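Q: Here it is, the structure, as structure tokens.
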Amino acid sequence: MKLNVIRQRGLWWTISVVLILASITGIALSLQRYGAPLKPSLDFIGGTRLQIERDCSQADNCRQPINLATVRNVLTQEGVGGSSIQLIDDNGLSIRTAQLDETQRSRIITALNTQVGKFDPARTQIDTVGPAIGQQLLSAGLLALLVAFAGITAYLSLRFKLDYALFALVALFHDVFLVIGGFAILGLVLGLEVDSLFIVALLTVVGFSVNDTVVIYDRVREVLEASPEQPMDDVVDLAVNQTLGRSINTTLTTLLPIVAIFFLGGETLKYFALALIIGFISGSYSSIFIASTLLAWWRNRQQPARSIAAASGVVAPTDDA
Amino acid sequence: MGRQRSLLLLILVLAIAAIVVIVRIPTRLGLDLRGGSQLTIQVKPNEEVKNISERELEAVRKVLEERVNALGVSESVVQTSGKDQILVQLPGVDDPQQAERVLGGTAQLDFRLQSIEKSAVLDVRQKELNDLQSQLFQEEAKGEKADQAAIARLKTQIAEKEKQAQLAFEDVFERTELTGKNLKDALARPEPMGNQWAVDISFDEAGAKQFAELTKKAAQTGARLGIFLDNKLVSAPGVDAKYKDTGISNGNATISGGFNQQAATDLELQLRGGALPVPIEIVENRTVGATLGRDSVQRSIYAALAGLVLVLLFMVIYYRLPGLIADISLLIYALLTFAAFNLFGVTLTLPGIAGFILSIGMAVDANVLIFERTREELRSGKSLYRSVESGFYRAFSSILDSNVTTLIACGALFWLGAGLVKGFALTLAIGVVISMFTALTCTRSLLLTSLSFANLRKPEWFCPNLVPAKSQPEAIS
């Protein structure tokens with residue numbers, strides 16, 4: 001298989017631009033509907049989530065199906081009737097409300113216990129986050145993201161020439177943006193919320209998706225070392241094709257366990273895994289098609305007359321050290 | 001070959017040591033996996049303490065620790081976090097609501113003495129209030145003929161009077177020196193009659209002396225004692241006249257005030273733990289039931305095994321003999337990493353396990369880079385041995401770059417992230433570092449050793465459909 005990355009770069013760029021426009025649309029719609037680029041979970045805006053499940057080992061406890069109207073009624077009495085209530089597998093309930101203190105929570109649980117059925121405390125999950133803590137989590141997460149970006153830029157510019165690092169960063173933004181856009185759309189369509197694990201996923205994408213770019217750039221440097229006379233377009237084409245197998249396979253091996261998490265890892269990790277899947281696939285795509293073609297385009301624009309030999313990396317190439 | 005042999009021996013020893021560590025040292029599971037509550041408590045300034053200093057924070061931590069101990073939760077953790085927060089971990093609590101109640105109350109207990117003159121003022125106010133209320137009642141009873149203006153006027157008057165009565169009431173009890181600081185012990189018990197509960201308290205020496213003094217005064221004047229908890233009157237017992245010479249001198253008292261069992265037990269726990277110097281608020285509570293935690297562990301194990309098997313299969317099918325060797329290294333990797341978690345006491349959380357599973361996939365990335373390079377070298381006609389060697393040699397820079405960038409992201413997450421998120425950064429980072437060893441050293445030694453067996457020395461086992469540019473005899477000594 002031989003890919004003509006350079007000749008068809010219009011196509012690759014169009015695909016990316018379309019995806020980015022879709023992301024921007026998703027984010028814009030989400031801003032309009034939720035007042036935030038992504039539908040935030042209580043991790044970031046504060047609130048209480050009660051997840052309870054009826055104890056079906058007790059006789060007659062689960063005979064009646066859970067009546068959501070009863071549940072809504074209990075919540076209305078506590079003044080949080082507008083909360084979201086979700087039924088999980090017939091006997092479980094997930095209730096998301098404004099922040100409740102311990103007294104209100106106990107009253108709700110007691111009322112549900114008598115009106116809906118006995119709940120199993122060992123299957124209860126409570127998350128209560130104050131608005132201030134939510135802010136704290138969000139700003140810490142965003143700061144971590146910024147620091148990671150800065151750290152990786154610094155490292156890449158140390159290892160490669162500045163323009164290499166810059167385009168690797170463009171590819172990185174591309175990936176992070178697509179994950180954010182993807183989840184904005186999922187938030188609109190499925191009501192999916194992003195929690196602090198989402199920021200972890202973004203950071204992981206930042207750390208990982210630059211890998212394929214590095215492999216390709218390494219090879220670009222190597223090819224340039226070996227034959228400085230070649231035009232940049234051919235060099236990039238060659239480098240991409242020579243490293244295509246490993247670009248795909250490294251992403252594939254990393255994706256296999258994540259797919260396992262997606263299907264088997266349970267509710268908490270499911271969308272974390274999905275964010276990684278989107279990010280890693282996008283990372284692979286942007287390395288092969290975007291970072292490479294942008295570099296070639298830039299170098300051709302910058303130094304059409306100068307000797308291409310000057311384009312080789314500053315750092316000692318990989319094959320002799 | 002001597003060097004390879006000693007490396008292999010080292011790997012073998014490490015693998016055995018890892019198994020021993022995994023068997024002997026238990027894995028520390030986070031609260032989200034073993035069940036329990038994690039509370040973040042915000043320490044707040046009040047009028048007296050405007051700024052929360054390290055001293056206040058530490059004082060609050062001590063009190064909370066006492067209370068947690070009083071709850072009887074084993075392996076609990078109470079630690080300060082940042083400038084004004086305290087993190088409390090309560091593994092396996094079966095009543096998170098109680099924990100929150102007990103931890104959240106300030107429990108400022110103090111004893112006050114009734115002032116007779118001011119009580120008289122209160123009595124007057126009370127009577128005035130009663131009069132107004134009965135007037136209102138009469139007016140309202142008239143039904144349709146009622147004078148709405150009069151009702152409205154009376155309502156305003158009542159509201160005003162209630163305020164006055166409240167002020168008079170607050171004056172009635174005068175503060176004394178005796179507070180919860182002088183407590184030695186507290187014990188909740190049911191009252192002999194009815195189904196109410198009370199809390200017996202005993203004072204330390206200074207407290208006992210003050211209490212005797214206080215009760216003596218009360219017995220002489222017929223004033224009542226006011227027992228206040230967080231500025232709320234919980235009971236106002238009278239003191240029998242027989243104590244007017246000595247006071248109650250044994251240093252014991254009882255707080256009763258319509259408690260049920262739960263309220264009495266909570267108060268006991270709070271009193272035993274002492275009062276908080278400043279108010280606090282529970283700003284975050286993450287509670288996971290024990291069964292849910294167990295389910296998560298089970299699902300994580302399935303996901304990890306499935307992920308591992310998928311990667312193992314992929315490697316051996318795609319990369320043949322080196323793939324098989326990478327698989328062995330990957331298993332050693334999993335052993336070493338897990339042992340490292342146990343050895344360094346890493347607390348495994350659900351995101352932490354996700355980090356570990358993710359690292360399984362990343363660990364073989366280095367091998368993918370190496371084997372692809374090896375194939376390339378083989379295709380260009382190099383000998384098997386030299387292809388393998390240069391595969392490792394030439395792929396190293398890319399491998400280092402990829403791992404460093406991942407570590408940078410982990411570092412940012414670890415230093416700036418909070419709570420559960422840190423677990424992910426830590427496990428992923430440990431995984432990345434260990435994978436550098438297994439994917440490079442381990443795979444290399446195993447691969448070079450396998451090349452010393454003539455019947456394993458088949459290039460097509462390294463690269464299918466190999467059409468070498470020129471054939472070269474194998475040269476291995």
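Labels used: A, B, ... for chains in the order of the structure tokens, numbers from 1 for residues in each chain, and numbers from 1 for ligands as shown.
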Please, which residues in chain A fall within 8 Å of chain B when counting only C-alpha atoms, and what is the closest atom pair and distance in Å to one decimal for each, ordered by chain then residue number, as a tab-separated table?

A:
```
residue	atom	partner	partner_atom	distance
A:Glu102	CA	B:Gln97	CA	6.0
A:Ser106	CA	B:Gln97	CA	6.9
A:Pro121	CA	B:Gly289	CA	6.2
A:Ala122	CA	B:Gly289	CA	4.0
A:Arg123	CA	B:Gly289	CA	4.7
A:Thr124	CA	B:Gly289	CA	4.9
A:Gln125	CA	B:Val288	CA	4.4
A:Ile126	CA	B:Thr287	CA	4.8
A:Asp127	CA	B:Arg286	CA	4.5
A:Thr128	CA	B:Asn285	CA	4.8
A:Val129	CA	B:Glu284	CA	4.4
A:Gly130	CA	B:Val283	CA	4.7
A:Ala132	CA	B:Val283	CA	7.8
A:Ile133	CA	B:Val283	CA	6.7
A:Leu137	CA	B:Ala418	CA	7.1
A:Ala140	CA	B:Leu416	CA	5.7
A:Gly141	CA	B:Gly417	CA	6.2
A:Leu143	CA	B:Leu416	CA	7.3
A:Ala144	CA	B:Ala412	CA	5.0
A:Leu145	CA	B:Ala412	CA	7.3
A:Val147	CA	B:Ala412	CA	6.0
A:Ala148	CA	B:Ala409	CA	5.0
A:Gly151	CA	B:Ile408	CA	6.3
A:Ile152	CA	B:Thr405	CA	5.9
A:Tyr155	CA	B:Thr405	CA	7.7
A:Ser196	CA	B:Val421	CA	7.5
A:Leu197	CA	B:Val421	CA	7.0
A:Val200	CA	B:Val421	CA	6.9
A:Leu203	CA	B:Ala409	CA	5.8
A:Thr204	CA	B:Ala409	CA	6.5
A:Val206	CA	B:Ala409	CA	6.9
A:Gly207	CA	B:Thr406	CA	4.0
A:Phe208	CA	B:Thr406	CA	5.7
A:Val210	CA	B:Ser402	CA	7.3
A:Asn211	CA	B:Ser402	CA	4.8
A:Val214	CA	B:Ser398	CA	6.5
A:Val215	CA	B:Ser398	CA	5.5
A:Asp218	CA	B:Ser398	CA	6.8
A:Gly245	CA	B:Glu372	CA	7.3
A:Arg246	CA	B:Leu369	CA	5.9
A:Asn249	CA	B:Val368	CA	6.8
A:Thr250	CA	B:Asp365	CA	4.9
A:Thr253	CA	B:Gly361	CA	5.1
A:Thr254	CA	B:Gly361	CA	3.9
A:Leu255	CA	B:Gly361	CA	7.0
A:Leu256	CA	B:Gly307	CA	5.9
A:Pro257	CA	B:Gly307	CA	3.8
A:Ile258	CA	B:Leu358	CA	6.3
A:Val259	CA	B:Gly307	CA	7.6
A:Ala260	CA	B:Ala303	CA	5.1
A:Ile261	CA	B:Ala303	CA	5.1
A:Phe263	CA	B:Ala303	CA	7.8
A:Leu264	CA	B:Ala303	CA	5.2
A:Gly265	CA	B:Arg299	CA	5.3
A:Gly266	CA	B:Arg299	CA	6.4
A:Leu269	CA	B:Pro351	CA	7.5
A:Thr318	CA	B:Arg394	CA	5.8
A:Asp319	CA	B:Arg394	CA	5.4
```

Q: Go through range 85-310 of chain A and collect every residue that DSSP, computed from the backbone, puts in strand (DSSP E); the answer should be as a ChimeraX atom specification.

A: /A:85-88,92-97,125-129

Q: Counting only C-alpha atoms, which of A:Ile180, A:Leu11, A:Leu31, A:Leu112 gets nearest to Ile278 in chain A?

A: A:Ile180

Q: Please return as a ChimeraX atom specification: the residues of range 77-173 of chain B that backbone DSSP assigns to helix (DSSP H, G or I).

A: /B:96-104,116-141,143-145,148-172
